[in-house]
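Asker: So that we are looking at the same thing, I have put the structure below in structure tokens.
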There are 2 protein chains.
Amino acid sequence: MQEVKVIKNVLEANDLIADNNRKLFKENNVFVINIISAPGAGKTTMLEKTIAELKSKLRIAVIEGDIATTRDADRLAKFDIPVVQINTEGGCHLDANMIANSIRGLNLAQIDLLIIENVGNMVCPAEFDVGENSKVSIISIAEGEDKPQKYPLIFQVTDVCLVNKMDLKPYLDISVENLISDIQSINPTLTTIKISAKTGDGLNEWHEWLMRKKG
Amino acid sequence: MQEVKVIKNVLEANDLIADNNRKLFKENNVFVINIISAPGAGKTTMLEKTIAELKSKLRIAVIEGDIATTRDADRLAKFDIPVVQINTEGGCHLDANMIANSIRGLNLAQIDLLIIENVGNMVCPAEFDVGENSKVSIISIAEGEDKPQKYPLIFQVTDVCLVNKMDLKPYLDISVENLISDIQSINPTLTTIKISAKTGDGLNEWHEWLMRKKG
């Protein structure tokens, strides 16, 4: 008789599938990032710039997580790279099983960098490992200075934080220095990079981080 | 033998408690709003202005939902009104049971308006009835034009949507008219009010809405 595996809870079940995803990614030498932020922090705008810049150097594919619509996937389709859309139909995060299903539609052997754009939510996506190499956070400085202390988990679990919408700084009552020092007090090993996805400022540093990590 | 009530799922259990909260609020003639938005949309800044304006007309109390910290509650404590803090310790929304526990610490007979500030999250809080009279959404125009289509539920369940950070409009590539028409196509009965919580612009209309609904 086959042994019955008891899965204690949702997160444990998720982690088993995530480990399997990670194994598949490693076998195929795919570097995987999972991008997490609040709604409207600028994930897709950043990705448009990053894909345009790096697609001549890396074979890139994207998994787009959205509650409804294919708007973000549509924005990235113009780059002529594989884009898989997950509609969570109300679900507030991507989990490892959704990723496992999505990668069946991708030829992993032909991908160097797989970018997962999570549902816009600073809370739940940070709790779910999907088998990625690195989690990446984006915070818009228009969200205000107090976000790191109020939503610490996202900064604890990500390796790099893109501090976006720097072009709005003259019009906001915010100390970006305080914001970054709060982020670093939550996670001293986190790399923070100030960017404007709109103007392109700071993206070079982010692309260098990505190329270095990808190895 | 007592009949065993089978609670089918989390939302059903929640709704039973929410109905009980609603009954208590009604008995005490308390008008209750549940404010929902993404992180950093400006809930607390709006509340500072609204409480300052209305506290001479209404006896106001606040329940503050946060994942960690008491920063928002601290910002409202200066108004010398009852403020109860709920720390969800990682939880991404307030539910009816948390509210039921919190109101034990309030004298409902002495309150006209109870303001519940939910955890900053456009997704999960919209799913949970806590017994409020009205759900209120806030969207920052810095979040971009595509949010209503991507996160429809919050606009389906709220009665009024405050379109905030209008002061940033000159610096953003956004059509507020398109944003509002998208919101109204999702929910034609939703009232939208353009505000700047920072400058105070538009708040009169919001306060009039509140006084009218409170009755």
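Naming scheme: A, B, ... for chains in displayed order of the structure tokens; residues 1 onward per chain; ligands 1 onward as shown.
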Select from chain B every residue with an atom at most 9 Å from any atom of chain A, then for each give the shortest pair of atoms and their distance in Å to one decimal, using only C-alpha atoms, rows by chain and rising number, as a tab-separated table.

Answerer:
```
residue	atom	partner	partner_atom	distance
B:Ala38	CA	A:Pro39	CA	6.5
B:Pro39	CA	A:Ala38	CA	6.5
B:Gly40	CA	A:Glu143	CA	3.9
B:Ala41	CA	A:Glu143	CA	6.4
B:Gly42	CA	A:Glu143	CA	8.0
B:Asp66	CA	A:Lys150	CA	6.9
B:Ile67	CA	A:Lys150	CA	6.3
B:Ala68	CA	A:Lys150	CA	5.3
B:Thr69	CA	A:Lys150	CA	6.0
B:Thr70	CA	A:Lys150	CA	8.6
B:Arg71	CA	A:Lys150	CA	7.9
B:Gly90	CA	A:Val123	CA	7.5
B:Gly91	CA	A:Val123	CA	7.9
B:Cys92	CA	A:Val123	CA	5.9
B:Gly120	CA	A:Met122	CA	8.2
B:Asn121	CA	A:Asn121	CA	6.1
B:Met122	CA	A:Asn121	CA	7.1
B:Val123	CA	A:Cys92	CA	5.9
B:Cys124	CA	A:Cys92	CA	6.7
B:Ser140	CA	A:Glu143	CA	8.8
B:Ala142	CA	A:Ala142	CA	6.8
B:Glu143	CA	A:Gly40	CA	3.9
B:Gly144	CA	A:Gly40	CA	5.8
B:Glu145	CA	A:Gly40	CA	8.8
B:Asp146	CA	A:Arg71	CA	8.1
B:Lys147	CA	A:Gly40	CA	7.2
B:Gln149	CA	A:Thr69	CA	6.9
B:Lys150	CA	A:Ala68	CA	5.3
B:Tyr151	CA	A:Ile67	CA	6.5
B:Pro152	CA	A:Ala68	CA	7.8
B:Leu153	CA	A:Gly90	CA	7.9
B:Asp167	CA	A:Tyr171	CA	8.7
B:Leu168	CA	A:Tyr171	CA	7.0
B:Tyr171	CA	A:Leu168	CA	7.0
B:Leu172	CA	A:Leu168	CA	8.4
```

Asker: Can you pull out every residue from range 17-153 of chain B that DSSP, working from the backbone, puts in strand (DSSP E), and format the result as a JSON list (two decimals) with C-alpha atoms, in the first residue's frame?

Answerer:
```json
[["chain", "number", "residue", "atom", "x", "y", "z"],
["B", 31, "PHE", "CA", -23.38, 54.58, 11.40],
["B", 32, "VAL", "CA", -20.41, 52.46, 10.34],
["B", 33, "ILE", "CA", -18.10, 52.87, 7.35],
["B", 34, "ASN", "CA", -15.40, 50.42, 6.29],
["B", 35, "ILE", "CA", -12.62, 52.11, 4.33],
["B", 36, "ILE", "CA", -10.71, 50.03, 1.81],
["B", 37, "SER", "CA", -7.78, 50.91, -0.46],
["B", 60, "ILE", "CA", -16.67, 59.62, 16.18],
["B", 61, "ALA", "CA", -14.69, 56.47, 17.02],
["B", 62, "VAL", "CA", -12.14, 54.62, 14.89],
["B", 63, "ILE", "CA", -11.04, 51.01, 14.55],
["B", 64, "GLU", "CA", -7.62, 50.89, 12.90],
["B", 65, "GLY", "CA", -6.57, 47.73, 11.08],
["B", 66, "ASP", "CA", -2.87, 47.21, 10.52],
["B", 83, "VAL", "CA", -9.35, 54.64, 18.74],
["B", 84, "VAL", "CA", -9.04, 50.84, 18.86],
["B", 85, "GLN", "CA", -6.07, 49.24, 17.12],
["B", 86, "ILE", "CA", -6.28, 45.78, 15.57],
["B", 87, "ASN", "CA", -2.93, 44.28, 14.62],
["B", 113, "LEU", "CA", -20.02, 57.41, 13.46],
["B", 114, "LEU", "CA", -17.67, 54.43, 13.65],
["B", 115, "ILE", "CA", -14.90, 54.49, 11.07],
["B", 116, "ILE", "CA", -13.12, 51.23, 10.30],
["B", 117, "GLU", "CA", -9.83, 51.70, 8.47],
["B", 134, "SER", "CA", -21.22, 51.43, 3.78],
["B", 135, "LYS", "CA", -17.93, 50.39, 2.30],
["B", 136, "VAL", "CA", -15.81, 53.29, 1.06],
["B", 137, "SER", "CA", -12.94, 52.93, -1.41],
["B", 138, "ILE", "CA", -10.02, 55.28, -1.95],
["B", 139, "ILE", "CA", -7.88, 55.19, -5.05],
["B", 140, "SER", "CA", -4.79, 57.32, -5.56]]
```

Asker: From a DSSP calculation on the backbone, collect every residue of range 12-51 of chain B in helix (DSSP H, G or I) and output the set as a list of chain:residue names.

Answerer: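 Put together, the selection reads B:Glu12, B:Ala13, B:Asn14, B:Asp15, B:Leu16, B:Ile17, B:Ala18, B:Asp19, B:Asn20, B:Asn21, B:Arg22, B:Lys23, B:Leu24, B:Phe25, B:Lys26, B:Glu27, B:Lys43, B:Thr44, B:Thr45, B:Met46, B:Leu47, B:Glu48, B:Lys49, B:Thr50, B:Ile51.
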
Asker: Selected residues, C-alpha atoms, written as a short mmCIF file (atom, residue, chain, number, x, y, z; two decimals), in the first residue's frame, please.

Answerer:
```cif
data_model
loop_
_atom_site.label_atom_id
_atom_site.label_comp_id
_atom_site.auth_asym_id
_atom_site.auth_seq_id
_atom_site.Cartn_x
_atom_site.Cartn_y
_atom_site.Cartn_z
CA GLU B 12 -20.40 32.13 5.74
CA ALA B 13 -19.07 32.10 9.30
CA ASN B 14 -17.92 35.66 8.80
CA ASP B 15 -21.34 36.76 7.56
CA LEU B 16 -23.10 35.39 10.64
CA ILE B 17 -20.83 37.45 12.90
CA ALA B 18 -21.19 40.47 10.60
CA ASP B 19 -24.99 40.27 10.92
CA ASN B 20 -24.63 40.28 14.67
CA ASN B 21 -22.33 43.31 14.53
CA ARG B 22 -24.83 45.06 12.27
CA LYS B 23 -27.62 44.39 14.75
CA LEU B 24 -25.57 45.89 17.59
CA PHE B 25 -24.72 48.95 15.50
CA LYS B 26 -28.37 49.46 14.59
CA GLU B 27 -29.58 49.09 18.18
CA LYS B 43 -6.83 56.62 4.05
CA THR B 44 -5.28 58.01 7.21
CA THR B 45 -4.50 61.46 5.77
CA MET B 46 -8.13 61.73 4.64
CA LEU B 47 -9.32 60.61 8.08
CA GLU B 48 -7.22 63.24 9.83
CA LYS B 49 -8.99 65.95 7.82
CA THR B 50 -12.45 64.35 8.10
CA ILE B 51 -12.27 63.82 11.85
#
```

Asker: Find the residues near Asp201 in chain B: any atom within 10 Å, counting only C-alpha atoms, skip ones fewer than 3 places away on the same chain, and give them as a compact mmCIF listing (two decimals) with N, CA, C and O atoms, in the first residue's frame.

Answerer:
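See around06.txt below for the written result:
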```
# COMPACT_ATOMS: atom_id res chain seq x y z
N ASN B 164 -8.28 60.13 -4.96
CA ASN B 164 -7.38 60.96 -4.14
C ASN B 164 -6.09 61.34 -4.87
O ASN B 164 -5.77 60.79 -5.91
N LYS B 165 -5.37 62.27 -4.25
CA LYS B 165 -4.08 62.79 -4.74
C LYS B 165 -4.27 63.57 -6.04
O LYS B 165 -3.39 63.55 -6.91
N MET B 166 -5.41 64.27 -6.14
CA MET B 166 -5.66 65.09 -7.33
C MET B 166 -4.58 66.17 -7.47
O MET B 166 -4.33 66.65 -8.58
N ASP B 167 -3.93 66.52 -6.35
CA ASP B 167 -2.85 67.52 -6.43
C ASP B 167 -1.68 67.05 -7.29
O ASP B 167 -0.88 67.86 -7.78
N LYS B 194 -13.73 63.45 -6.39
CA LYS B 194 -12.31 63.78 -6.55
C LYS B 194 -11.84 64.59 -5.35
O LYS B 194 -12.46 65.60 -5.00
N ILE B 195 -10.77 64.15 -4.71
CA ILE B 195 -10.28 64.87 -3.53
C ILE B 195 -8.75 64.99 -3.57
O ILE B 195 -8.06 64.29 -4.31
N SER B 196 -8.24 65.88 -2.76
CA SER B 196 -6.85 65.83 -2.37
C SER B 196 -6.83 65.86 -0.85
O SER B 196 -7.12 66.90 -0.24
N ALA B 197 -6.54 64.72 -0.24
CA ALA B 197 -6.51 64.66 1.22
C ALA B 197 -5.42 65.60 1.74
O ALA B 197 -5.53 66.15 2.84
N LYS B 198 -4.40 65.83 0.93
CA LYS B 198 -3.29 66.70 1.35
C LYS B 198 -3.73 68.17 1.40
O LYS B 198 -3.52 68.83 2.41
N ASN B 204 -15.21 68.62 1.23
CA ASN B 204 -16.57 69.06 1.58
C ASN B 204 -17.63 68.13 1.01
O ASN B 204 -18.58 67.76 1.70
N GLU B 205 -17.45 67.78 -0.26
CA GLU B 205 -18.43 66.92 -0.91
C GLU B 205 -18.50 65.55 -0.23
O GLU B 205 -19.57 64.97 -0.03
```

Asker: Need to verify the contact set: Ser181 in chain B, 10 Å, only C-alpha atoms, exclusion of same-chain residues closer than 6 positions in sequence. Can you return it as a compact mmCIF listing (two decimals) with all heavy atoms, in the first residue's frame?

Answerer:
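Now in out-v1.txt:
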```txt
# COMPACT_ATOMS: atom_id res chain seq x y z
N PRO B 148 -9.18 50.09 -11.91
CA PRO B 148 -10.56 49.59 -11.80
C PRO B 148 -10.77 48.28 -12.57
O PRO B 148 -11.36 47.34 -12.04
CB PRO B 148 -11.39 50.73 -12.38
CG PRO B 148 -10.56 51.96 -12.13
CD PRO B 148 -9.14 51.51 -12.30
N SER B 175 -5.55 59.99 -17.35
CA SER B 175 -6.81 60.68 -17.60
C SER B 175 -7.75 60.31 -16.46
O SER B 175 -8.21 59.16 -16.36
CB SER B 175 -7.41 60.24 -18.94
OG SER B 175 -8.80 60.51 -18.93
N ASN B 187 -19.50 49.84 -11.68
CA ASN B 187 -20.59 50.01 -10.71
C ASN B 187 -21.28 51.35 -10.95
O ASN B 187 -20.87 52.38 -10.40
CB ASN B 187 -20.03 49.93 -9.28
CG ASN B 187 -21.11 50.06 -8.23
OD1 ASN B 187 -22.27 50.35 -8.54
ND2 ASN B 187 -20.75 49.86 -6.98
N PRO B 188 -22.36 51.34 -11.75
CA PRO B 188 -23.02 52.59 -12.12
C PRO B 188 -23.63 53.34 -10.94
O PRO B 188 -23.89 54.53 -11.05
CB PRO B 188 -24.11 52.14 -13.10
CG PRO B 188 -23.70 50.78 -13.56
CD PRO B 188 -22.94 50.17 -12.42
N THR B 192 -18.52 58.84 -7.13
CA THR B 192 -17.08 59.14 -7.12
C THR B 192 -16.88 60.61 -6.75
O THR B 192 -17.60 61.48 -7.23
CB THR B 192 -16.42 58.89 -8.49
OG1 THR B 192 -17.10 59.66 -9.48
CG2 THR B 192 -16.49 57.42 -8.88
```

Asker: One decimal, in Å: what's the spacing between CA of Leu108 in chain A and CA of Asn9 in chain A?

Answerer: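 Taking CA of Leu108 in chain A and CA of Asn9 in chain A, their separation equals 29.4 Å.
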
Asker: Measuring atom to atom with only C-alpha atoms, identify which of B:Phe79, B:Glu177, B:Lys169, B:Thr191 is nearest to Gln156 in chain B.

Answerer: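 Going through B:Phe79, B:Glu177, B:Lys169, B:Thr191 one by one, the smallest distance to Gln156 in chain B is for B:Thr191.
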